[in-house]
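Data file: structure_0.txt. Format and content: compact mmCIF, C-alpha atoms and all ligand atoms.
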```txt
# COMPACT_ATOMS: atom_id res chain seq x y z
CA MET V 1 0.00 0.00 0.00
CA ALA V 2 1.32 3.47 -0.86
CA ALA V 3 0.06 5.94 1.71
CA GLN V 4 -1.63 9.21 0.93
CA THR V 5 -0.23 12.28 2.61
CA ILE V 6 -2.17 14.18 5.24
CA GLU V 7 -1.68 17.79 4.19
CA GLY V 8 -1.09 19.54 7.48
CA LYS V 9 -0.12 22.77 5.75
CA ALA V 10 -3.38 23.03 3.83
CA ILE V 11 -5.52 22.03 6.82
CA SER V 12 -3.68 24.53 9.01
CA ALA V 13 -4.19 27.26 6.38
CA ALA V 14 -7.94 26.53 6.40
CA VAL V 15 -8.08 26.75 10.21
CA ARG V 16 -6.12 30.02 10.15
CA GLU V 17 -8.51 31.50 7.61
CA GLU V 18 -11.46 30.58 9.86
CA VAL V 19 -9.58 32.18 12.77
CA ARG V 20 -8.98 35.36 10.71
CA LEU V 21 -12.68 35.66 9.89
CA GLU V 22 -13.64 35.08 13.52
CA ALA V 23 -11.09 37.65 14.73
CA GLN V 24 -12.53 40.12 12.22
CA GLU V 25 -16.03 39.50 13.54
CA LEU V 26 -14.89 39.88 17.17
CA SER V 27 -12.97 43.07 16.34
CA SER V 28 -16.03 44.58 14.64
CA ALA V 29 -17.92 43.89 17.86
CA GLY V 30 -15.24 45.85 19.76
CA VAL V 31 -13.21 42.92 21.12
CA VAL V 32 -9.83 42.60 19.37
CA PRO V 33 -8.35 39.20 20.35
CA GLY V 34 -4.97 39.68 22.03
CA LEU V 35 -2.08 37.27 22.67
CA ALA V 36 0.99 38.03 24.78
CA THR V 37 4.11 35.94 24.27
CA VAL V 38 6.79 35.99 26.94
CA LEU V 39 10.32 34.87 26.10
CA VAL V 40 13.02 34.69 28.75
CA GLY V 41 16.55 34.61 27.33
CA ASP V 42 17.59 34.33 23.69
CA ASP V 43 17.56 30.63 22.86
CA PRO V 44 17.56 30.62 19.01
CA ALA V 45 14.91 27.88 18.61
CA SER V 46 12.57 29.56 21.15
CA SER V 47 13.08 32.94 19.45
CA THR V 48 12.12 31.39 16.11
CA TYR V 49 8.96 29.84 17.63
CA VAL V 50 7.94 33.12 19.24
CA ARG V 51 8.57 35.04 16.02
CA SER V 52 6.39 32.66 14.02
CA LYS V 53 3.60 32.94 16.63
CA GLN V 54 3.80 36.74 16.39
CA ARG V 55 3.69 36.63 12.58
CA ALA V 56 0.75 34.24 12.62
CA CYS V 57 -1.17 36.60 14.93
CA GLU V 58 -0.50 39.52 12.62
CA LYS V 59 -1.84 37.59 9.61
CA ALA V 60 -4.92 36.51 11.56
CA GLY V 61 -5.78 40.01 12.78
CA ILE V 62 -4.96 39.12 16.39
CA TYR V 63 -3.21 41.77 18.46
CA SER V 64 0.09 40.44 19.78
CA ARG V 65 2.45 41.69 22.43
CA ASP V 66 6.02 40.47 22.35
CA ILE V 67 7.60 40.52 25.81
CA ARG V 68 11.32 39.72 25.94
CA LEU V 69 13.13 39.36 29.24
CA GLU V 70 16.81 38.88 30.02
CA GLU V 71 18.10 35.35 30.64
CA THR V 72 18.94 36.48 34.20
CA THR V 73 15.34 37.52 34.98
CA GLY V 74 14.31 36.23 38.40
CA GLU V 75 11.20 34.16 39.13
CA ALA V 76 9.58 37.03 41.07
CA GLU V 77 9.92 39.39 38.11
CA LEU V 78 8.49 36.82 35.71
CA LEU V 79 5.58 36.15 38.10
CA ALA V 80 4.92 39.91 38.23
CA THR V 81 4.89 40.03 34.40
CA VAL V 82 2.34 37.21 34.31
CA GLU V 83 0.20 38.93 36.97
CA ASN V 84 0.18 42.15 34.92
CA LEU V 85 -0.94 40.24 31.85
CA ASN V 86 -3.63 38.43 33.87
CA ALA V 87 -5.02 41.86 34.83
CA ASP V 88 -4.71 43.40 31.36
CA PRO V 89 -8.11 43.48 29.61
CA SER V 90 -6.54 43.77 26.13
CA ILE V 91 -4.79 40.39 26.57
CA ASP V 92 -6.92 37.26 26.12
CA GLY V 93 -4.12 34.70 25.91
CA ILE V 94 -0.77 34.37 27.64
CA LEU V 95 1.97 32.15 26.32
CA VAL V 96 5.20 31.75 28.29
CA GLN V 97 7.66 30.12 25.91
CA LEU V 98 9.19 26.94 27.33
CA PRO V 99 11.76 25.83 28.28
CA LEU V 100 12.51 28.52 30.88
CA PRO V 101 16.04 29.02 32.27
CA ALA V 102 16.94 26.45 34.92
CA HIS V 103 16.74 28.92 37.84
CA ILE V 104 12.99 29.44 37.21
CA ASN V 105 10.39 26.92 38.33
CA SER V 106 8.28 26.46 35.16
CA ARG V 107 5.42 24.80 37.03
CA ARG V 108 5.07 27.82 39.34
CA ILE V 109 4.95 30.17 36.34
CA ILE V 110 2.36 28.10 34.47
CA GLU V 111 0.21 27.88 37.60
CA ALA V 112 0.32 31.69 37.90
CA ILE V 113 -1.37 32.16 34.51
CA ASP V 114 -5.10 32.81 34.76
CA PRO V 115 -6.65 29.52 33.52
CA GLU V 116 -9.05 31.64 31.42
CA LYS V 117 -6.00 33.04 29.56
CA ASP V 118 -4.05 29.77 29.42
CA VAL V 119 -4.21 29.35 25.62
CA ASP V 120 -1.36 26.81 25.72
CA GLY V 121 -3.60 24.57 27.83
CA PHE V 122 -0.82 23.61 30.28
CA HIS V 123 -2.42 24.95 33.49
CA PRO V 124 -3.50 22.12 35.83
CA VAL V 125 -7.06 23.47 35.82
CA ASN V 126 -7.28 23.05 32.05
CA LEU V 127 -5.52 19.66 32.10
CA GLY V 128 -7.91 18.50 34.84
CA LYS V 129 -10.95 19.66 32.89
CA LEU V 130 -9.63 17.97 29.77
CA LEU V 131 -9.30 14.69 31.66
CA ALA V 132 -12.81 15.08 33.09
CA GLY V 133 -14.21 15.70 29.59
CA GLU V 134 -15.19 19.29 30.38
CA ASP V 135 -14.88 22.42 28.31
CA ALA V 136 -11.24 23.61 28.50
CA PHE V 137 -8.31 25.03 26.58
CA TYR V 138 -6.66 21.97 25.06
CA PRO V 139 -2.86 21.89 24.58
CA CYS V 140 -2.25 23.01 21.01
CA THR V 141 -0.34 20.04 19.53
CA PRO V 142 -2.77 17.30 20.72
CA TYR V 143 -5.72 19.53 19.81
CA GLY V 144 -4.20 20.06 16.33
CA ILE V 145 -3.82 16.30 15.86
CA THR V 146 -7.52 15.74 16.56
CA VAL V 147 -8.38 18.40 13.97
CA LEU V 148 -5.96 16.85 11.43
CA LEU V 149 -7.65 13.48 11.85
CA GLU V 150 -11.14 14.91 11.63
CA ARG V 151 -10.44 17.00 8.54
CA SER V 152 -8.66 14.13 6.79
CA GLY V 153 -11.85 12.12 7.13
CA VAL V 154 -10.38 9.64 9.63
CA GLU V 155 -13.07 8.07 11.81
CA VAL V 156 -11.59 7.82 15.30
CA GLU V 157 -14.55 6.26 17.08
CA GLY V 158 -14.06 2.57 17.83
CA THR V 159 -10.47 2.50 16.56
CA HIS V 160 -7.40 1.39 18.46
CA VAL V 161 -5.06 4.37 18.78
CA VAL V 162 -1.49 3.67 19.86
CA ILE V 163 0.51 6.66 21.08
CA VAL V 164 4.28 6.37 21.48
CA GLY V 165 5.28 8.97 24.09
CA ARG V 166 3.69 10.07 27.36
CA SER V 167 4.90 13.66 27.76
CA ASN V 168 2.68 16.20 29.50
CA ILE V 169 2.51 18.34 26.37
CA VAL V 170 1.76 15.66 23.75
CA GLY V 171 1.18 12.01 24.72
CA LYS V 172 -0.83 12.31 27.95
CA PRO V 173 -3.26 15.07 26.89
CA LEU V 174 -3.68 13.42 23.48
CA ALA V 175 -4.63 10.12 25.11
CA ALA V 176 -7.14 11.95 27.30
CA LEU V 177 -8.66 13.76 24.29
CA LEU V 178 -9.03 10.65 22.14
CA MET V 179 -10.55 8.44 24.84
CA GLN V 180 -13.32 10.89 25.75
CA LYS V 181 -16.93 9.81 25.45
CA ARG V 182 -17.90 12.13 22.60
CA SER V 183 -18.04 12.23 18.84
CA GLY V 184 -14.66 12.64 17.16
CA ALA V 185 -13.13 10.62 20.03
CA ASN V 186 -14.35 7.34 21.60
CA ALA V 187 -11.10 5.57 20.71
CA THR V 188 -9.44 2.74 22.61
CA VAL V 189 -6.06 4.17 23.50
CA THR V 190 -2.75 2.47 24.28
CA VAL V 191 0.08 4.69 25.51
CA CYS V 192 3.65 3.42 25.07
CA HIS V 193 6.86 4.80 26.56
CA SER V 194 10.51 3.93 27.08
CA ARG V 195 9.66 1.11 29.53
CA THR V 196 7.11 -0.54 27.23
CA ALA V 197 8.04 -4.14 26.54
CA ASP V 198 8.05 -5.20 22.89
CA LEU V 199 6.99 -1.86 21.47
CA ALA V 200 6.51 -3.16 17.91
CA THR V 201 3.79 -5.61 19.03
CA HIS V 202 1.76 -2.61 20.19
CA THR V 203 2.50 -0.29 17.27
CA ARG V 204 1.59 -2.98 14.70
CA ARG V 205 -1.85 -3.36 16.28
CA ALA V 206 -2.70 0.32 15.85
CA ASP V 207 -5.41 1.53 13.51
CA ILE V 208 -4.04 5.01 14.21
CA LEU V 209 -0.38 5.22 15.26
CA ILE V 210 0.78 8.52 16.75
CA VAL V 211 4.49 8.92 17.45
CA ALA V 212 5.91 11.59 19.78
CA ALA V 213 9.12 10.04 21.08
CA GLY V 214 11.66 12.71 20.10
CA ARG V 215 13.90 10.17 18.31
CA ARG V 216 14.44 10.51 14.64
CA ALA V 217 13.17 7.80 12.26
CA PHE V 218 12.66 5.62 15.31
CA VAL V 219 9.47 3.91 14.13
CA THR V 220 10.33 1.87 11.08
CA GLY V 221 8.04 0.48 8.37
CA ASP V 222 7.91 -3.01 9.91
CA MET V 223 6.44 -1.47 13.09
CA VAL V 224 3.40 -0.16 11.18
CA GLY V 225 0.29 -2.26 10.59
CA GLU V 226 -1.04 -2.62 7.04
CA GLY V 227 -3.46 0.24 6.29
CA ALA V 228 -2.79 2.18 9.51
CA VAL V 229 -3.02 5.95 9.77
CA VAL V 230 0.35 7.32 10.92
CA ILE V 231 0.74 10.68 12.64
CA ASP V 232 4.35 11.75 13.13
CA VAL V 233 4.68 14.44 15.80
CA GLY V 234 8.48 14.39 15.92
CA ILE V 235 10.63 17.33 14.89
CA ASN V 236 14.34 16.49 14.76
CA ARG V 237 17.12 18.50 13.16
CA VAL V 238 19.58 16.65 10.94
CA ASP V 239 22.72 18.39 9.66
CA ASP V 240 22.55 18.87 5.92
CA PRO V 241 25.13 21.10 4.24
CA GLN V 242 22.94 21.22 1.09
CA ALA V 243 19.99 22.70 2.99
CA LYS V 244 19.53 26.49 3.18
CA ARG V 245 19.92 26.62 6.96
CA GLY V 246 22.51 23.85 7.16
CA TYR V 247 19.98 21.36 8.54
CA ARG V 248 16.68 19.76 7.65
CA LEU V 249 13.81 18.50 9.77
CA VAL V 250 12.82 14.85 10.04
CA GLY V 251 10.18 13.12 12.12
CA ASP V 252 10.17 10.23 14.58
CA VAL V 253 8.93 7.88 11.85
CA ASP V 254 10.90 6.50 8.91
CA TYR V 255 8.59 8.11 6.35
CA GLU V 256 9.46 5.97 3.30
CA GLY V 257 9.25 2.68 5.16
CA ALA V 258 6.00 3.58 6.95
CA ALA V 259 4.38 4.99 3.80
CA GLU V 260 4.67 1.55 2.14
CA ARG V 261 2.28 0.10 4.72
CA ALA V 262 0.16 2.99 5.97
CA SER V 263 -3.01 4.27 4.31
CA LEU V 264 -2.46 7.87 5.42
CA ILE V 265 0.65 9.53 6.85
CA THR V 266 1.75 12.99 7.93
CA PRO V 267 4.99 14.37 6.46
CA VAL V 268 7.65 16.21 8.46
CA PRO V 269 7.76 19.10 7.95
CA GLY V 270 4.24 20.06 6.87
CA GLY V 271 2.19 17.65 8.98
CA VAL V 272 1.49 18.20 12.68
CA GLY V 273 3.84 21.21 13.02
CA PRO V 274 1.71 23.80 11.20
CA MET V 275 -1.36 22.77 13.23
CA THR V 276 0.15 23.76 16.57
CA ILE V 277 0.23 27.52 15.89
CA ALA V 278 -3.18 27.39 14.19
CA MET V 279 -4.69 25.93 17.37
CA LEU V 280 -2.97 28.56 19.51
CA LEU V 281 -4.72 31.24 17.44
CA LYS V 282 -8.00 29.35 17.72
CA ASN V 283 -7.63 29.16 21.51
CA THR V 284 -6.90 32.90 21.65
CA ASN V 285 -10.08 33.67 19.73
CA ARG V 286 -11.98 31.39 22.04
CA ALA V 287 -10.70 33.32 25.06
CA ALA V 288 -11.64 36.60 23.34
CA ARG V 289 -15.13 35.30 22.61
CA LYS V 290 -15.57 34.57 26.32
CA ARG V 291 -14.58 38.21 27.01
CA ALA V 292 -17.03 39.42 24.34
CA ASN V 293 -19.81 37.38 25.94
CA GLY V 294 -18.96 38.88 29.34
N1 LIG N 1 4.80 19.33 15.92
C1 LIG N 1 4.81 20.06 17.02
O1 LIG N 1 4.28 21.15 17.06
C2 LIG N 1 5.47 19.49 18.23
C3 LIG N 1 5.10 19.90 19.51
C4 LIG N 1 5.69 19.29 20.62
C5 LIG N 1 6.67 18.32 20.42
N2 LIG N 1 7.04 17.98 19.15
C6 LIG N 1 8.05 16.94 18.88
O2 LIG N 1 7.50 15.71 19.29
C7 LIG N 1 8.51 14.87 19.82
C8 LIG N 1 8.12 14.48 21.24
O3 LIG N 1 8.05 15.64 22.02
P1 LIG N 1 7.76 15.59 23.59
O4 LIG N 1 7.92 16.94 24.13
O5 LIG N 1 6.49 14.84 23.80
O6 LIG N 1 9.04 14.69 24.03
P2 LIG N 1 9.53 14.16 25.45
O7 LIG N 1 9.01 15.00 26.55
O8 LIG N 1 10.99 13.96 25.29
O9 LIG N 1 8.82 12.73 25.56
C9 LIG N 1 9.22 11.66 24.75
C10 LIG N 1 8.40 10.46 25.09
O10 LIG N 1 8.82 9.40 24.24
C11 LIG N 1 9.10 8.25 25.03
N3 LIG N 1 10.20 7.49 24.46
C12 LIG N 1 11.49 7.87 24.32
N4 LIG N 1 12.22 6.86 23.82
C13 LIG N 1 11.39 5.82 23.67
C14 LIG N 1 11.54 4.49 23.23
N5 LIG N 1 12.72 4.01 22.86
N6 LIG N 1 10.46 3.69 23.18
C15 LIG N 1 9.25 4.15 23.56
N7 LIG N 1 9.03 5.40 24.01
C16 LIG N 1 10.09 6.22 24.06
C17 LIG N 1 9.50 8.79 26.40
O11 LIG N 1 9.27 7.79 27.37
P3 LIG N 1 9.52 8.01 28.97
O12 LIG N 1 8.33 8.82 29.43
O13 LIG N 1 9.54 6.66 29.52
O14 LIG N 1 10.81 8.77 29.07
C18 LIG N 1 8.57 9.99 26.52
O15 LIG N 1 7.34 9.62 27.08
C19 LIG N 1 9.79 15.68 19.73
O16 LIG N 1 10.45 15.33 18.51
C20 LIG N 1 9.35 17.12 19.66
O17 LIG N 1 10.24 17.95 18.97
C21 LIG N 1 6.45 18.53 18.06
```

Spit out the file's structure as structure tokens when you get a sec.
Ligand SMILES: NC(=O)c1ccc[n+]([C@@H]2O[C@H](COP(=O)([O-])OP(=O)(O)OC[C@H]3O[C@@H](n4cnc5c(N)ncnc54)[C@H](OP(=O)(O)O)[C@@H]3O)[C@@H](O)[C@H]2O)c1
Amino acid sequence: MAAQTIEGKAISAAVREEVRLEAQELSSAGVVPGLATVLVGDDPASSTYVRSKQRACEKAGIYSRDIRLEETTGEAELLATVENLNADPSIDGILVQLPLPAHINSRRIIEAIDPEKDVDGFHPVNLGKLLAGEDAFYPCTPYGITVLLERSGVEVEGTHVVIVGRSNIVGKPLAALLMQKRSGANATVTVCHSRTADLATHTRRADILIVAAGRRAFVTGDMVGEGAVVIDVGINRVDDPQAKRGYRLVGDVDYEGAAERASLITPVPGGVGPMTIAMLLKNTNRAARKRANG
């Protein structure tokens, strides 16, 4: 079987266009959606992520505030910045770019964000609501994966989803989203990790295999069941002197090998990646709509 590609770029573009129209509607009603990004230090990868979030806001008609703090910023100062943003009525969403410098307790910072402005969906209140199947801000990457599946026409209900990876930002919230008792979910979910015995036995049984292990080309073709849908969350840099930036991005799945057996597969780049920012914008609009509705 030669797999068809799930076009994350096109699906993300469609979501962003919907977001732009919604932001326009909210702005006409006097509520301009606003996102604040907070970057501590000058880590190049984090700076690139923050810049692309800012650019995406601009294109979507979302007001964005770019807060940059020195690497040496103390926890108290960062907490004060978050408190100011919590109290600022022009800011609907707050995103503190992770990872933070080692001298700052990330958990304490995330917990200081008003859950109603937690558009990254990492606050324990939102994670708890997600687990309980209540209305919440969902973490952007898992949320984006559910939208990718839905818009690619993949029926999740009744399937066996196998997730490789149990991180707090991808694997765990994704498992919680897909197992919920509601349409678009209702899957039977297996979560694998580094202590899973005989990983391939599990991955081969998946109708939908989602890989977020942070190891390049780690899932090979023989680990994929015939006709499975494969979602590759991984983003790994590989040195490549021919590439414009001196490196290229590859996923956690051996694309060529997996594509021979899968029915649908996401590419890297251009699969899950573009969805993450689109969902951040969607969450920001959602927070703004709550403000508009009082
Ligand atoms: N597309 C996007 O927007 C986006 C967003 C976030 C992350 N990512 C990418 O997704 C990947 C995962 O990110 P993450 O933050 O979830 O990573 P992470 O925090 O490093 O978690 C990796 C998970 O994979 C598991 N794992 C590692 N080696 C394994 C093995 N040999 N067998 C089975 N499981 C194994 C780990 O198990 P243990 O728990 O036992 O250690 C862990 O649960 C990375 O490549 C990252 O760059 C992409």

Contact table chain V vs ligand LIG 1 (chain N), cut-off 9 Å, shortest pair per residue, all atoms listed in the file, as a tab-separated table:
```
residue	atom	partner	partner_atom	distance
V:Cys140	CA	N:LIG1	O1	7.9
V:Thr141	CA	N:LIG1	O1	5.4
V:Pro142	CA	N:LIG1	C3	8.4
V:Gly144	CA	N:LIG1	O1	8.6
V:Val164	CA	N:LIG1	N7	5.5
V:Gly165	CA	N:LIG1	O10	3.6
V:Arg166	CA	N:LIG1	O15	3.7
V:Ser167	CA	N:LIG1	O5	4.4
V:Asn168	CA	N:LIG1	O5	7.0
V:Ile169	CA	N:LIG1	O5	5.9
V:Val170	CA	N:LIG1	O5	4.8
V:Gly171	CA	N:LIG1	O5	6.1
V:Lys172	CA	N:LIG1	O15	8.6
V:Val191	CA	N:LIG1	O15	8.9
V:Cys192	CA	N:LIG1	N7	5.8
V:His193	CA	N:LIG1	N7	3.4
V:Ser194	CA	N:LIG1	N7	3.7
V:Arg195	CA	N:LIG1	O13	5.6
V:Thr196	CA	N:LIG1	C15	6.3
V:Ala197	CA	N:LIG1	N6	8.9
V:Leu199	CA	N:LIG1	C15	6.8
V:Val211	CA	N:LIG1	C7	7.6
V:Ala212	CA	N:LIG1	C8	3.9
V:Ala213	CA	N:LIG1	O10	3.2
V:Gly214	CA	N:LIG1	O16	3.3
V:Arg215	CA	N:LIG1	O16	6.2
V:Arg216	CA	N:LIG1	O16	7.4
V:Phe218	CA	N:LIG1	N5	7.7
V:Asp232	CA	N:LIG1	O2	8.0
V:Val233	CA	N:LIG1	O2	4.7
V:Gly234	CA	N:LIG1	O16	3.4
V:Ile235	CA	N:LIG1	O16	4.1
V:Asn236	CA	N:LIG1	O16	5.5
V:Val250	CA	N:LIG1	O16	8.8
V:Gly251	CA	N:LIG1	O16	6.8
V:Asp252	CA	N:LIG1	O16	6.4
V:Val268	CA	N:LIG1	N1	8.6
V:Pro269	CA	N:LIG1	N1	8.5
V:Gly271	CA	N:LIG1	N1	7.6
V:Val272	CA	N:LIG1	N1	4.8
V:Gly273	CA	N:LIG1	N1	3.6
V:Pro274	CA	N:LIG1	O1	6.9
V:Met275	CA	N:LIG1	O1	7.0
V:Thr276	CA	N:LIG1	O1	4.9
V:Ile277	CA	N:LIG1	O1	7.6
```

For this session: Name the closest residue to V:Gly8 among the candidates V:Val147, V:Met223, V:Val82, V:Ala76; distances are taken between atoms, counting all atoms listed in the file.
Result: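 Result for the nearest residue to V:Gly8: V:Val147.
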
Exercise. For V:Arg291, which residue among V:Val31, V:Leu95, V:Leu130, V:Leu264 is the nearest when counting all atoms listed in the file?
Worked result: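 Counting all atoms listed in the file, the residue closest to V:Arg291 is V:Val31.
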
Exercise. Stretch 152-155 of chain V: which residues within 12 Å, counting only C-alpha atoms, same-chain residues fewer than 2 positions away excluded, as number ranges by chain?
Worked result: V: 4-8, 10-12, 145-150, 157-161, 178, 183-187, 207-208, 228-231, 263-266, 271

Exercise. Just how far from atom CA of V:Leu35 is atom CA of V:Val19, in Å to one decimal?
Worked result: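 So the answer is 13.4 Å.
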
Problem set entry | Gap from atom CA of V:Pro99 to atom CA of V:Val50 - Å, one decimal |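 Those two atoms sit 12.2 Å apart.
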
Exercise. How many Å separate atom CA of V:Asp254 from atom CA of V:Thr203?
Worked result: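 Calculated distance between atom CA of V:Asp254 and atom CA of V:Thr203 is 13.7 Å.
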
Exercise. Restricting the calculation to all atoms listed in the file, which member of V:Asp240, V:Asp222, V:Asp120, V:Glu25 is positioned closest to V:Ala60?
Worked result: V:Glu25

Exercise. Excluding same-chain residues fewer than 3 positions from V:Pro124, what lies within 9 Å of it counting all atoms listed in the file, as a list in words?
Worked result: Ile110, Glu111, Pro115, Gly121, Leu127, Gly128 and Lys129 of chain V

Problem set entry | Contacts of V:Val38 at 7 Å (only C-alpha atoms; same-chain gap of 6+ positions) as a list in words |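 Everything that qualifies: Asp66, Ile67, Arg68, Leu95, Val96 and Gln97 of chain V.
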
Exercise. For V:Glu226, which residue out of V:His123, V:Lys53, V:Arg205, V:Arg107 is the nearest one, using all atoms listed in the file?
Worked result: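 Of the candidates, the smallest distance to V:Glu226 is held by V:Arg205.
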
Would you kindly return, as a tab-separated table (two decimals) with C-alpha atoms, keeping the file's coordinate frame, each protein, DNA or RNA residue with an atom no farther than 10 Å from any atom of V:Arg51, considering only C-alpha atoms and excluding same-chain residues fewer than 5 positions away?
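The file below, part-v5.tsv, is the result:
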```tsv
chain	number	residue	atom	x	y	z
V	37	THR	CA	4.11	35.94	24.27
V	45	ALA	CA	14.91	27.88	18.61
V	46	SER	CA	12.57	29.56	21.15
V	56	ALA	CA	0.75	34.24	12.62
V	57	CYS	CA	-1.17	36.60	14.93
V	66	ASP	CA	6.02	40.47	22.35
```

Kindly add N, CA, C and O atoms to the incomplete stretch 278-294 of chain V and provide the output as a PDB file, keeping the file's coordinate frame.
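As a result, selection_38.pdb now contains:
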```pdb
ATOM      1  N   ALA V 278      -1.778  27.131  14.566  1.00  0.00           N
ATOM      2  CA  ALA V 278      -3.180  27.390  14.190  1.00  0.00           C
ATOM      3  C   ALA V 278      -4.107  27.216  15.396  1.00  0.00           C
ATOM      4  O   ALA V 278      -5.027  28.010  15.619  1.00  0.00           O
ATOM      5  N   MET V 279      -3.828  26.184  16.211  1.00  0.00           N
ATOM      6  CA  MET V 279      -4.690  25.930  17.370  1.00  0.00           C
ATOM      7  C   MET V 279      -4.471  26.961  18.472  1.00  0.00           C
ATOM      8  O   MET V 279      -5.390  27.304  19.221  1.00  0.00           O
ATOM      9  N   LEU V 280      -3.248  27.488  18.543  1.00  0.00           N
ATOM     10  CA  LEU V 280      -2.970  28.560  19.510  1.00  0.00           C
ATOM     11  C   LEU V 280      -3.820  29.791  19.164  1.00  0.00           C
ATOM     12  O   LEU V 280      -4.412  30.423  20.049  1.00  0.00           O
ATOM     13  N   LEU V 281      -3.909  30.087  17.880  1.00  0.00           N
ATOM     14  CA  LEU V 281      -4.720  31.240  17.440  1.00  0.00           C
ATOM     15  C   LEU V 281      -6.205  30.962  17.741  1.00  0.00           C
ATOM     16  O   LEU V 281      -6.936  31.839  18.202  1.00  0.00           O
ATOM     17  N   LYS V 282      -6.598  29.732  17.483  1.00  0.00           N
ATOM     18  CA  LYS V 282      -8.000  29.350  17.720  1.00  0.00           C
ATOM     19  C   LYS V 282      -8.337  29.491  19.211  1.00  0.00           C
ATOM     20  O   LYS V 282      -9.393  30.015  19.578  1.00  0.00           O
ATOM     21  N   ASN V 283      -7.420  29.030  20.067  1.00  0.00           N
ATOM     22  CA  ASN V 283      -7.630  29.160  21.510  1.00  0.00           C
ATOM     23  C   ASN V 283      -7.707  30.629  21.934  1.00  0.00           C
ATOM     24  O   ASN V 283      -8.482  30.987  22.822  1.00  0.00           O
ATOM     25  N   THR V 284      -6.891  31.469  21.307  1.00  0.00           N
ATOM     26  CA  THR V 284      -6.900  32.900  21.650  1.00  0.00           C
ATOM     27  C   THR V 284      -8.247  33.520  21.294  1.00  0.00           C
ATOM     28  O   THR V 284      -8.837  34.283  22.073  1.00  0.00           O
ATOM     29  N   ASN V 285      -8.753  33.177  20.124  1.00  0.00           N
ATOM     30  CA  ASN V 285     -10.080  33.670  19.730  1.00  0.00           C
ATOM     31  C   ASN V 285     -11.163  33.197  20.703  1.00  0.00           C
ATOM     32  O   ASN V 285     -12.094  33.924  21.028  1.00  0.00           O
ATOM     33  N   ARG V 286     -11.007  31.972  21.123  1.00  0.00           N
ATOM     34  CA  ARG V 286     -11.980  31.390  22.040  1.00  0.00           C
ATOM     35  C   ARG V 286     -11.998  32.165  23.368  1.00  0.00           C
ATOM     36  O   ARG V 286     -13.057  32.450  23.920  1.00  0.00           O
ATOM     37  N   ALA V 287     -10.796  32.524  23.837  1.00  0.00           N
ATOM     38  CA  ALA V 287     -10.700  33.320  25.060  1.00  0.00           C
ATOM     39  C   ALA V 287     -11.323  34.700  24.835  1.00  0.00           C
ATOM     40  O   ALA V 287     -12.026  35.232  25.702  1.00  0.00           O
ATOM     41  N   ALA V 288     -11.087  35.265  23.649  1.00  0.00           N
ATOM     42  CA  ALA V 288     -11.640  36.600  23.340  1.00  0.00           C
ATOM     43  C   ALA V 288     -13.161  36.529  23.252  1.00  0.00           C
ATOM     44  O   ALA V 288     -13.859  37.452  23.679  1.00  0.00           O
ATOM     45  N   ARG V 289     -13.661  35.432  22.721  1.00  0.00           N
ATOM     46  CA  ARG V 289     -15.130  35.300  22.610  1.00  0.00           C
ATOM     47  C   ARG V 289     -15.758  35.264  24.013  1.00  0.00           C
ATOM     48  O   ARG V 289     -16.814  35.851  24.251  1.00  0.00           O
ATOM     49  N   LYS V 290     -15.069  34.606  24.938  1.00  0.00           N
ATOM     50  CA  LYS V 290     -15.570  34.570  26.320  1.00  0.00           C
ATOM     51  C   LYS V 290     -15.633  35.990  26.861  1.00  0.00           C
ATOM     52  O   LYS V 290     -16.573  36.362  27.547  1.00  0.00           O
ATOM     53  N   ARG V 291     -14.593  36.809  26.550  1.00  0.00           N
ATOM     54  CA  ARG V 291     -14.580  38.210  27.010  1.00  0.00           C
ATOM     55  C   ARG V 291     -15.749  38.971  26.368  1.00  0.00           C
ATOM     56  O   ARG V 291     -16.440  39.729  27.041  1.00  0.00           O
ATOM     57  N   ALA V 292     -15.953  38.710  25.055  1.00  0.00           N
ATOM     58  CA  ALA V 292     -17.030  39.420  24.340  1.00  0.00           C
ATOM     59  C   ALA V 292     -18.378  39.071  24.943  1.00  0.00           C
ATOM     60  O   ALA V 292     -19.277  39.916  25.027  1.00  0.00           O
ATOM     61  N   ASN V 293     -18.530  37.809  25.371  1.00  0.00           N
ATOM     62  CA  ASN V 293     -19.810  37.380  25.940  1.00  0.00           C
ATOM     63  C   ASN V 293     -19.961  37.772  27.403  1.00  0.00           C
ATOM     64  O   ASN V 293     -20.960  37.432  28.041  1.00  0.00           O
ATOM     65  N   GLY V 294     -18.912  38.419  27.934  1.00  0.00           N
ATOM     66  CA  GLY V 294     -18.960  38.880  29.340  1.00  0.00           C
ATOM     67  C   GLY V 294     -18.853  37.709  30.252  1.00  0.00           C
ATOM     68  O   GLY V 294     -19.405  37.636  31.317  1.00  0.00           O
TER      69      GLY V 294
END
```
